[in-house]
Amino acid sequence: MLLAQEVNSHPSIMSQGLSSVPIMPVVLLVNGFQLSSSFYTSYVLRLCSWGYAVLQYDLPGHVLMKKLIPDDQEAALLPQLLRWVSSAQSSHSNKPSVDVMSNNLYHLPKIDLSSIVLAGHSRGGKLAALMLAQANQMGINVKAAALIDPVDMNFFTRILGYPSAVDALRGKGAKALLIGAGVTGSCNPPKEGYHKFWEVLSPLSWQGVIQKAGHMQVTDASGALGWVLDQMCHVGEGMSHENAMELVNAQLVAWLELQLRPGPDTEAGIQAFQSWVESKVKEGALTFKIK
């Protein structure tokens, strides 16, 4: 297997003991092109604190150059990834274990493999969309999807004949949370970014655009590499990575709770979320609409 995988659970949940942990839906969070899972730690911690298990993987290779896998082939790995989770859960039920491929210590929560969420950033958003389009054919029950500033195609992928996720979703009646970065550039060209995905998503989808965020500001990229990526992909004036990711996290949690846990508590939470959205729109930090 080419992938290093781990299931993360927030320490505040795990400290209660596995017997008290509720059954957790699985969120597959797919990295952007040549990016590492560590770029998305803020999302992992927030989701786990809300009772979601998060599955990530890193392709083999160096921090600056990982193995290249064609989009259609990588999207087709979804059943294999979920089989790994199922096998690991049944083999090491209620026991800490070590992933021999990545040497990461993980704890296996009680996972609900009938409640799958697909999410990703940049190319990872495209891969999540391709998986969403193919899920029924794969026999996988996807309960929700979240595309974070997804990018569909570029000059090279067109030459190589890679599939378009937007074309794959067209006519499928797919619903999703769509997050856009208001600052565009070569990393997220407007004609291949969130606008394009919005056209093919079904009614009741959400779109939230973080007005002053660049493409990489919705990640935990930091240090010298983070600075380089920000310069390549542009940054918004007065917007930090932390603030941009908080704007994403609030929408992500609200969307998943509405899709997977409907009920009176969620309705009350959505009302509070609505007030939060209105305040952020008034500040000029966010635009938000429901299809």
# chains A, B, ... in the order shown; residues from 1 in each chain; ligands from 1

$ select_by_dssp --residues "stretch 89-221 of chain A" --states "strand (DSSP E)" --output "PyMOL selection string"
chain A and resi 97-99+104-106+111-121+142-148+177-181+206-210

$ closest_residue --among "A:Ala129, A:Leu47, A:Val26, A:Ala221" --to "A:Ala176" --atoms "only C-alpha atoms"
A:Ala129

$ select_by_dssp --residues "stretch 98-281 of chain A" --states "alpha helix (DSSP H)" --output "VMD selection string"
chain A and resid 123 to 138 155 to 159 165 to 169 194 to 198 223 to 233 241 to 260 264 to 281

$ residues_around --residues "A:Ser164" --least-positions-apart "2" --cutoff "7 Å" --atoms "only C-alpha atoms" --output "number ranges by chain"
A: 152-153, 162, 166-168

$ write_last_selection --atoms "N, CA and C atoms" --output "JSON list (two decimals), in the first residue's frame"
[["chain", "number", "residue", "atom", "x", "y", "z"],
["A", 152, "ASP", "N", -10.47, 22.65, -10.11],
["A", 152, "ASP", "CA", -10.84, 21.53, -10.97],
["A", 152, "ASP", "C", -9.73, 21.13, -11.94],
["A", 153, "MET", "N", -9.36, 22.00, -12.85],
["A", 153, "MET", "CA", -8.42, 21.64, -13.90],
["A", 153, "MET", "C", -7.35, 22.71, -14.06],
["A", 162, "TYR", "N", -6.80, 14.28, -17.60],
["A", 162, "TYR", "CA", -7.41, 14.01, -16.31],
["A", 162, "TYR", "C", -8.90, 14.38, -16.34],
["A", 166, "VAL", "N", -16.04, 18.72, -11.97],
["A", 166, "VAL", "CA", -17.28, 19.45, -12.24],
["A", 166, "VAL", "C", -18.14, 18.68, -13.24],
["A", 167, "ASP", "N", -17.50, 18.18, -14.29],
["A", 167, "ASP", "CA", -18.25, 17.37, -15.27],
["A", 167, "ASP", "C", -18.78, 16.10, -14.62],
["A", 168, "ALA", "N", -17.98, 15.51, -13.73],
["A", 168, "ALA", "CA", -18.41, 14.27, -13.07],
["A", 168, "ALA", "C", -19.63, 14.50, -12.18]]

$ residues_around --residues "A:Pro25" --least-positions-apart "3" --cutoff "6 Å" --atoms "only C-alpha atoms" --output "PyMOL selection string"
chain A and resi 52+112+115

$ write_last_selection --atoms "N, CA, C and O atoms" --output "CSV table (one decimal), in the first residue's frame"
chain,number,residue,atom,x,y,z
A,52,TYR,N,-16.3,13.7,15.4
A,52,TYR,CA,-16.1,13.1,14.1
A,52,TYR,C,-14.7,12.4,14.1
A,52,TYR,O,-13.7,13.0,14.7
A,112,ASP,N,-18.5,4.9,12.7
A,112,ASP,CA,-19.7,4.6,11.9
A,112,ASP,C,-19.3,4.6,10.4
A,112,ASP,O,-19.3,5.7,9.8
A,115,SER,N,-21.7,6.3,7.8
A,115,SER,CA,-21.8,7.8,7.8
A,115,SER,C,-20.5,8.4,7.3
A,115,SER,O,-19.6,8.6,8.1

$ residues_around --residues "A:Gly238" --least-positions-apart "4" --cutoff "10 Å" --atoms "only C-alpha atoms" --output "tab-separated table (two decimals) with N, CA, C and O atoms, in the first residue's frame"
chain	number	residue	atom	x	y	z
A	212	LYS	N	-11.19	37.98	2.23
A	212	LYS	CA	-9.80	38.45	2.23
A	212	LYS	C	-8.79	37.32	2.40
A	212	LYS	O	-7.64	37.57	2.76
A	213	ALA	N	-9.19	36.10	2.14
A	213	ALA	CA	-8.29	34.95	2.31
A	213	ALA	C	-7.73	34.50	0.97
A	213	ALA	O	-8.43	34.44	-0.03
A	243	ASN	N	-7.46	33.17	11.47
A	243	ASN	CA	-8.79	33.76	11.26
A	243	ASN	C	-9.49	33.12	10.07
A	243	ASN	O	-10.71	32.86	10.12

$ residues_around --residues "A:Asn249" --least-positions-apart "5" --cutoff "12 Å" --atoms "only C-alpha atoms" --output "compact mmCIF listing (two decimals) with C-alpha atoms, in the first residue's frame"
# COMPACT_ATOMS: atom_id res chain seq x y z
CA TYR A 40 -4.95 20.68 8.07
CA THR A 41 -4.46 20.04 11.80
CA SER A 42 -6.83 22.84 12.82
CA TYR A 43 -9.66 21.16 10.93
CA VAL A 44 -8.85 17.76 12.42
CA LEU A 45 -8.90 19.05 15.99
CA ARG A 46 -12.13 20.95 15.53
CA LEU A 47 -13.92 18.03 13.87
CA CYS A 48 -12.72 15.54 16.44
CA SER A 49 -13.85 17.80 19.27
CA TRP A 50 -17.34 17.58 17.76
CA ALA A 146 -17.29 19.87 1.95
CA ILE A 148 -12.60 23.95 0.51
CA LEU A 177 -20.67 22.93 1.48
CA ILE A 179 -15.88 27.30 0.62
CA GLY A 208 -19.25 30.70 1.93
CA ILE A 210 -13.85 34.25 2.78
CA VAL A 218 -7.19 28.32 4.73
CA THR A 219 -4.43 25.89 5.80
CA HIS A 241 -4.30 31.79 8.66
CA GLU A 242 -5.92 31.38 12.06
CA ASN A 243 -8.79 33.76 11.26
CA ALA A 244 -9.35 32.26 7.82
CA ALA A 254 -22.54 23.73 11.14
CA TRP A 255 -22.92 22.01 7.77
CA LEU A 256 -21.98 18.57 9.09
CA PHE A 273 -24.76 30.04 13.29

$ decode --residues "stretch 137-149 of chain A" --atoms "all heavy atoms" --output "mmCIF file, in the first residue's frame"
data_model
loop_
_atom_site.group_PDB
_atom_site.id
_atom_site.type_symbol
_atom_site.label_atom_id
_atom_site.label_comp_id
_atom_site.auth_asym_id
_atom_site.auth_seq_id
_atom_site.Cartn_x
_atom_site.Cartn_y
_atom_site.Cartn_z
ATOM 1 N N GLN A 137 -21.816 4.378 -7.192
ATOM 2 C CA GLN A 137 -21.273 3.283 -7.998
ATOM 3 C C GLN A 137 -20.350 2.392 -7.176
ATOM 4 O O GLN A 137 -20.268 1.178 -7.395
ATOM 5 C CB GLN A 137 -20.528 3.869 -9.194
ATOM 6 C CG GLN A 137 -20.006 2.844 -10.193
ATOM 7 C CD GLN A 137 -19.312 3.511 -11.367
ATOM 8 O OE1 GLN A 137 -19.461 4.709 -11.591
ATOM 9 N NE2 GLN A 137 -18.548 2.739 -12.104
ATOM 10 N N MET A 138 -19.654 2.999 -6.200
ATOM 11 C CA MET A 138 -18.757 2.246 -5.326
ATOM 12 C C MET A 138 -19.499 1.564 -4.181
ATOM 13 O O MET A 138 -18.903 0.803 -3.418
ATOM 14 C CB MET A 138 -17.694 3.189 -4.727
ATOM 15 C CG MET A 138 -16.734 3.804 -5.711
ATOM 16 S SD MET A 138 -15.638 4.985 -4.859
ATOM 17 C CE MET A 138 -14.564 5.517 -6.194
ATOM 18 N N GLY A 139 -20.801 1.860 -4.028
ATOM 19 C CA GLY A 139 -21.562 1.302 -2.929
ATOM 20 C C GLY A 139 -21.273 1.951 -1.592
ATOM 21 O O GLY A 139 -21.415 1.316 -0.544
ATOM 22 N N ILE A 140 -20.880 3.222 -1.617
ATOM 23 C CA ILE A 140 -20.508 3.941 -0.399
ATOM 24 C C ILE A 140 -21.555 5.014 -0.108
ATOM 25 O O ILE A 140 -21.925 5.796 -0.987
ATOM 26 C CB ILE A 140 -19.117 4.579 -0.543
ATOM 27 C CG1 ILE A 140 -18.060 3.467 -0.695
ATOM 28 C CG2 ILE A 140 -18.787 5.466 0.648
ATOM 29 C CD1 ILE A 140 -16.703 3.969 -1.097
ATOM 30 N N ASN A 141 -22.025 5.042 1.140
ATOM 31 C CA ASN A 141 -23.056 5.976 1.553
ATOM 32 C C ASN A 141 -22.415 7.266 2.074
ATOM 33 O O ASN A 141 -21.959 7.327 3.212
ATOM 34 C CB ASN A 141 -23.929 5.336 2.644
ATOM 35 C CG ASN A 141 -25.072 6.241 3.061
ATOM 36 O OD1 ASN A 141 -25.472 7.123 2.317
ATOM 37 N ND2 ASN A 141 -25.580 6.024 4.262
ATOM 38 N N VAL A 142 -22.385 8.270 1.227
ATOM 39 C CA VAL A 142 -21.809 9.558 1.609
ATOM 40 C C VAL A 142 -22.918 10.447 2.146
ATOM 41 O O VAL A 142 -23.892 10.739 1.450
ATOM 42 C CB VAL A 142 -21.110 10.234 0.415
ATOM 43 C CG1 VAL A 142 -20.618 11.628 0.804
ATOM 44 C CG2 VAL A 142 -19.947 9.372 -0.071
ATOM 45 N N LYS A 143 -22.769 10.878 3.397
ATOM 46 C CA LYS A 143 -23.801 11.678 4.052
ATOM 47 C C LYS A 143 -23.615 13.182 3.832
ATOM 48 O O LYS A 143 -24.568 13.944 3.935
ATOM 49 C CB LYS A 143 -23.806 11.385 5.549
ATOM 50 C CG LYS A 143 -24.279 9.978 5.910
ATOM 51 C CD LYS A 143 -25.758 9.804 5.618
ATOM 52 C CE LYS A 143 -26.285 8.466 6.090
ATOM 53 N NZ LYS A 143 -26.315 8.320 7.554
ATOM 54 N N ALA A 144 -22.369 13.598 3.576
ATOM 55 C CA ALA A 144 -22.106 15.028 3.407
ATOM 56 C C ALA A 144 -20.773 15.208 2.700
ATOM 57 O O ALA A 144 -19.920 14.314 2.707
ATOM 58 C CB ALA A 144 -22.092 15.747 4.759
ATOM 59 N N ALA A 145 -20.610 16.398 2.103
ATOM 60 C CA ALA A 145 -19.350 16.734 1.437
ATOM 61 C C ALA A 145 -19.038 18.201 1.682
ATOM 62 O O ALA A 145 -19.942 19.035 1.804
ATOM 63 C CB ALA A 145 -19.442 16.448 -0.058
ATOM 64 N N ALA A 146 -17.743 18.492 1.747
ATOM 65 C CA ALA A 146 -17.288 19.866 1.951
ATOM 66 C C ALA A 146 -16.072 20.104 1.060
ATOM 67 O O ALA A 146 -15.065 19.394 1.185
ATOM 68 C CB ALA A 146 -16.935 20.114 3.414
ATOM 69 N N LEU A 147 -16.167 21.076 0.187
ATOM 70 C CA LEU A 147 -15.104 21.383 -0.767
ATOM 71 C C LEU A 147 -14.514 22.738 -0.391
ATOM 72 O O LEU A 147 -15.203 23.760 -0.452
ATOM 73 C CB LEU A 147 -15.660 21.412 -2.188
ATOM 74 C CG LEU A 147 -16.566 20.231 -2.588
ATOM 75 C CD1 LEU A 147 -17.082 20.411 -4.020
ATOM 76 C CD2 LEU A 147 -15.830 18.906 -2.422
ATOM 77 N N ILE A 148 -13.258 22.735 0.012
ATOM 78 C CA ILE A 148 -12.600 23.950 0.506
ATOM 79 C C ILE A 148 -11.715 24.526 -0.589
ATOM 80 O O ILE A 148 -10.671 23.968 -0.927
ATOM 81 C CB ILE A 148 -11.782 23.646 1.775
ATOM 82 C CG1 ILE A 148 -12.685 23.026 2.855
ATOM 83 C CG2 ILE A 148 -11.115 24.919 2.303
ATOM 84 C CD1 ILE A 148 -11.933 22.509 4.061
ATOM 85 N N ASP A 149 -12.154 25.631 -1.164
ATOM 86 C CA ASP A 149 -11.498 26.297 -2.289
ATOM 87 C C ASP A 149 -10.982 25.268 -3.309
ATOM 88 O O ASP A 149 -9.786 25.211 -3.610
ATOM 89 C CB ASP A 149 -10.351 27.191 -1.803
ATOM 90 C CG ASP A 149 -10.113 28.367 -2.752
ATOM 91 O OD1 ASP A 149 -11.072 28.819 -3.410
ATOM 92 O OD2 ASP A 149 -8.965 28.832 -2.845
#
